[in-house]
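Okay, structure first, notes after.
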Amino acid sequence: MPKKQKEKKKFVPRKNKEQKPKKKEAEGAVVEKGKRAHNILRGMHDILPREEKYWKTMFHVAENLAAYFQYGRIETPVMEEAGLFVRSLGKGTDVVEKEMYVFENQDGSKICLRPEATASVVRAYINAGMFNYPQPVKMWYWGPMFRHDRPQAGRYREFRQVGYEIIGAADPAMDAELILVAYNFYKDLGLPVEIRVNSIGLPEERERYKAELANYYRAKKSYICEDCRKRLLKNPLRLLDCKEDQCQPIKDEAPQIVDWLSETSKNYFMKVLEYLDALGIPYILQPTLVRGLDYYTHTVFEIYPVIEAEEGAAKETAQSALGGGGRYDLLMEEMGGRPTPAAGVALGIDRSVAVLKQYGEKHPINLLKPEYDIYFAQLGERAKGRALKMIEDLRQSGLRIGFNFYKNSLKTQLELANDLKVPCALILGQKEVQEGTIIIRDMESGIQEIVDQKKAENIVKKKLEKI
RNA sequence: GCGGCUAUAGUUCAAUGGUAGAACACUGGUUUGUGGCACCAGAUACCUGGGUUCAAUUCCCAGUAGUCGCCCCA
């Protein structure tokens with residue numbers, strides 16, 4: 001590569017604008033068409049190698065939990081019929097109304113990128129005739145979802161979710177198990193979270209409550225904020241989300257949905273809470289929690305990170321839910337299957353990674369790190385050739401070896417060994433190749449011994465055992 | 001989708017109407033076959049387009065993106 005010439009532009013006064021050159025021409029640079037870098041699409045993001053440890057850890061934790069709680073992995077397509085979500089999530093919901101990536105298929109039908117996965121899992125359950133399986137059927141999934149929302153920190157247009165679904169039983173223990181899985185997910189990562197739960201009962205109960213709530217608010221119409229007036233007309237349940245100060249006293253006095261539930265619904269919810277108590281899972285009863293998707297019945301819950309504001313100065317970023325879920329007893333029937341109770345939970349991975357990363361700066365977290373037993377350094381052409389083979393042999397014998405064939409200075413290679421925090425390094429130079437020996441360097445003490453190449457493997461392994 | 005704020009090096013941030021500095025990271029050297037520490041050197045940046053101006057990275061407008069709040073949600 002020729003050195004880039006960097007000449008300072010001289011100050012040349014111009015007499016008139018016409019002479020004003022285009023910037024690129026002024027630089028004398030040849031701007032080749034089509035060479036401009038492309039930008040990533042709005043709301044999308046690359047997961048770079050340096051972030052991989054977070055993702056790998058999350059997947060590892062998710063997979064282990066699935067295995068432990070006996071969920072089978074299901075992978076559904078990223079694309080589905082648009083109608084699938086209109087039917088499951090509800091026509092009026094924001095997700096369907098304005099956030100779905102819908103486009104026309106070659107045959108003219110409407111297809112979309114999935115905004116969530118529960119509907120797909122339910123569809124697969126029906127398609128595959130899973131009602132013939134031993135019930136309930138437990139499945140988990142991991143994959144990208146798409147919503148055309150306005151991006152913000154922790155809110156992307158393509159984001160990944162891990163989810164757990166239990167289909168085919170109506171036992172409060174299921175609800176508790178799903179909460180436990182979600183809770184354990186973060187516990188295993190080392191991230192403190194809080195669970196907020198509520199019950200929204202059955203649609204009839206909810207409708208009755210909604211009417212009551214609207215009534216209550218209508219009487220206080222002149223005291224509530226402008227947004228709340230809109231909510232009153234559009235979606236009364238959302239009145240409970242209002243953060244305006246002036247609405248708080250009214251909100252506190254508002255009727256609570258639990259009081260509008262039938263005895264059966266109430267008892268079901270109490271049972272869920274009992275199980276949570278028995279499991280020792282701390283939760284917060286949040287009577288104002290209502291979820292945005294239409295298919296929920298009875299238990300609903302959300303998981304929030306618990307990050308104490310450090311030293312007062314640190315501003316808290318928007319605290320959005322890391323995950324959420326609930327029961328959806330009526331969805332299966334709504335989707336054209338036979339009536340089958342079910343429940344599920346979905347966790348936002350991108351969000352969780354962001355929060356975990358931030359939290360991990362000041363607190364211990366459980367990350368899966370690539371670990372190496374030894375580092376193999378080579379010097380010179382002949383040693384490199386020999387090293388290739390030796391590393392491969394050692395690798396097959398079960399040792400995890402760090403190495404880099406593109407750095408030829410020993411100094412650099414030992415720096416890398418240091419970064420990898422290996423207890424010892426093998427050094428192979430010209431001299432060693434000739435003599436059939438190799439140097440074993442203890443990285444802690446710096447003490448080196450020269451050993452026969454054939455014995456190196458055993459000596460290294462013995463050394464590692466001692467540690 | 002609506003409103004506010006922001007856009008300078010890989011990252012976090014400075015300065016400036018006459019084109020830019022630091023810290024960390026990176027590369028090389030001090031040590032031509034030896035890491036952690038230190039010192040030295042080097043490479044790398046003004047989002048895009050238009051306007052004002054003799055001159056714009058700086059001022060103005062728009063676009064784009066990010067971010068915060070709303071909406072909603074993971």
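Chain labels run A, B, ... following the order of the structure tokens; each chain numbers its residues from 1, and ligands are numbered from 1 in the order shown.
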task = Could the residues of chain B within 7 Å of chain A, counting only C-alpha atoms (C1' of nucleotides), be given as a VMD selection string, please?
result = chain B and resid 18 33 to 35 54 to 55 67 72 74
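Within the 6 Å cut-off around A:Gly168, using only C-alpha atoms (C1' of nucleotides) and omitting residues fewer than 2 positions from it on the same chain, the listed residues are Gln135, Pro136, Thr340, Pro341 and Ala342 of chain A.
The strand (DSSP E) portion of stretch 143-298 of chain A consists of Gly143, Pro144, Met145, Phe146, Glu158, Phe159, Arg160, Gln161, Val162, Gly163, Tyr164, Glu165, Ile166, Ile167, Val193, Glu194, Ile195, Arg196, Val197, Asn198, Ser199, Tyr283, Ile284, Leu285, Thr297 and His298 of chain A, with states taken from DSSP on the backbone.
Candidate residues B:A25, B:C68, B:A41, B:C73 were compared for distance to B:A9, and the nearest is B:A25, using only C-alpha atoms (C1' of nucleotides).
Comparing the minimum interatomic distances between A:Asp452 and each of A:Val96, A:Val122, A:Leu330, A:Leu426, counting only C-alpha atoms, we find that A:Leu426 sits nearest.
For the pair atom CA of A:Ile447 and atom CA of A:Val422, the interatomic distance is 14.3 Å.
Taking atom CA of A:Gln248 as the reference point, atom CA of A:Leu285 is found at 17.6 Å.
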Just want the 12 Å neighbourhood of A:Tyr217, counted on only C-alpha atoms (C1' of nucleotides), with same-chain residues fewer than 6 positions away dropped. Output as a compact mmCIF listing (two decimals) with C-alpha atoms, in the first residue's frame.
# COMPACT_ATOMS: atom_id res chain seq x y z
CA LYS A 210 -63.07 -2.15 31.31
CA ALA A 211 -66.55 -0.66 31.35
CA TYR A 223 -58.77 16.08 36.19
CA ILE A 224 -56.84 13.73 33.94
CA CYS A 225 -54.14 14.46 31.40
CA CYS A 228 -55.54 9.79 29.34
CA ARG A 229 -58.55 11.34 27.71
CA LYS A 230 -57.49 9.70 24.49
CA ARG A 231 -56.88 6.43 26.27
CA LEU A 232 -60.31 6.61 27.80
CA LEU A 233 -61.83 6.43 24.36
CA PRO A 236 -59.20 2.24 28.80
CA LEU A 237 -56.88 -0.44 30.20
CA ARG A 238 -53.94 1.73 29.22
CA LEU A 239 -55.14 4.42 31.61
CA LEU A 240 -53.36 2.39 34.24
CA CYS A 247 -53.30 11.22 37.12
CA PRO A 249 -54.15 9.94 42.69
CA ILE A 250 -56.95 9.01 40.33
CA LYS A 251 -55.09 5.92 39.26
CA ASP A 252 -54.51 4.85 42.84
CA GLU A 253 -58.19 5.04 43.59
CA ALA A 254 -59.21 3.29 40.39
CA PRO A 255 -61.01 -0.04 40.52
query = When you draw a straight line from atom CA of A:Glu435 to atom CA of A:Ile401, how long is it in Å?
reply = 22.9 Å
query = Could you pull out all residues of stretch 145-344 of chain A with a DSSP call of alpha helix (DSSP H) and give them as a PyMOL selection string?
reply = chain A and resi 172-189+203-219+226-234+248-253+263-279+331-334
query = Which neighbours of B:G3 fall inside 12 Å, counting only C-alpha atoms (C1' of nucleotides), when residues of the same chain fewer than 2 positions from it are skipped, and could you give them as a list in words?
reply = G1, C5, C68, G69, C70 and C71 of chain B
inquiry  = Let me make sure I understand: among B:U19, B:U12, B:U31, B:U6, which one has the smallest atom-to-atom distance to B:U58 if we use only C-alpha atoms (C1' of nucleotides)?
reply    = B:U19
request  = Give me the residues within 10 Å of A:Met58 as a PyMOL selection string, counting only C-alpha atoms (C1' of nucleotides) and dropping any in the same chain fewer than 5 places off.
outcome  = chain A and resi 52-53+63-64+162+185-186+188-189+349+352-353+366-368
How would the residues just picked look written out with C-alpha atoms as a compact mmCIF listing (two decimals), in the first residue's frame?
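File again39.txt, as written:
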# COMPACT_ATOMS: atom_id res chain seq x y z
CA GLU A 52 -20.39 -12.89 20.97
CA LYS A 53 -19.61 -13.93 24.51
CA GLU A 63 -30.65 -24.21 26.11
CA ASN A 64 -29.68 -25.65 29.47
CA VAL A 162 -36.11 -16.85 23.31
CA PHE A 185 -32.59 -17.40 33.01
CA TYR A 186 -31.53 -14.10 34.54
CA ASP A 188 -28.02 -17.93 35.80
CA LEU A 189 -26.67 -14.90 34.00
CA ILE A 349 -32.29 -11.24 23.97
CA SER A 352 -31.02 -8.58 27.86
CA VAL A 353 -27.58 -8.39 26.27
CA ASN A 366 -21.65 -15.19 34.62
CA LEU A 367 -20.17 -15.11 31.16
CA LEU A 368 -19.12 -18.05 29.12
Within 10 Å of stretch 26-28 of chain B using only C-alpha atoms (C1' of nucleotides), minus same-chain residues under 2 positions, as a short mmCIF file (atom, residue, chain, number, x, y, z; two decimals) with N, CA and C atoms (P, O5', C5', C4', C3', O3' and C1' of nucleotides), in the first residue's frame:
data_model
loop_
_atom_site.label_atom_id
_atom_site.label_comp_id
_atom_site.auth_asym_id
_atom_site.auth_seq_id
_atom_site.Cartn_x
_atom_site.Cartn_y
_atom_site.Cartn_z
P G B 10 -12.49 5.23 13.28
"O5'" G B 10 -12.81 4.03 14.27
"C5'" G B 10 -13.62 2.93 13.86
"C4'" G B 10 -13.73 2.01 15.04
"C3'" G B 10 -14.26 2.70 16.29
"O3'" G B 10 -15.68 2.61 16.35
"C1'" G B 10 -12.23 1.61 16.81
P A B 41 7.32 10.51 21.04
"O5'" A B 41 7.18 9.61 19.73
"C5'" A B 41 8.19 9.67 18.71
"C4'" A B 41 7.98 8.58 17.71
"C3'" A B 41 6.65 8.63 16.95
"O3'" A B 41 6.66 9.57 15.90
"C1'" A B 41 7.08 6.42 17.66
P G B 42 5.29 10.23 15.42
"O5'" G B 42 4.57 9.00 14.70
"C5'" G B 42 5.12 8.44 13.51
"C4'" G B 42 4.33 7.23 13.10
"C3'" G B 42 2.86 7.50 12.79
"O3'" G B 42 2.69 7.98 11.48
"C1'" G B 42 3.06 5.57 14.16
P A B 43 1.47 8.91 11.11
"O5'" A B 43 0.32 7.82 10.88
"C5'" A B 43 0.44 6.86 9.83
"C4'" A B 43 -0.68 5.85 9.93
"C3'" A B 43 -2.07 6.47 10.06
"O3'" A B 43 -2.60 6.81 8.81
"C1'" A B 43 -1.79 4.83 11.73
P U B 44 -3.33 8.18 8.62
"O5'" U B 44 -4.73 7.84 9.27
"C5'" U B 44 -5.47 6.70 8.81
"C4'" U B 44 -6.54 6.37 9.81
"C3'" U B 44 -7.40 7.54 10.23
"O3'" U B 44 -8.39 7.80 9.25
"C1'" U B 44 -6.83 6.24 12.12
#
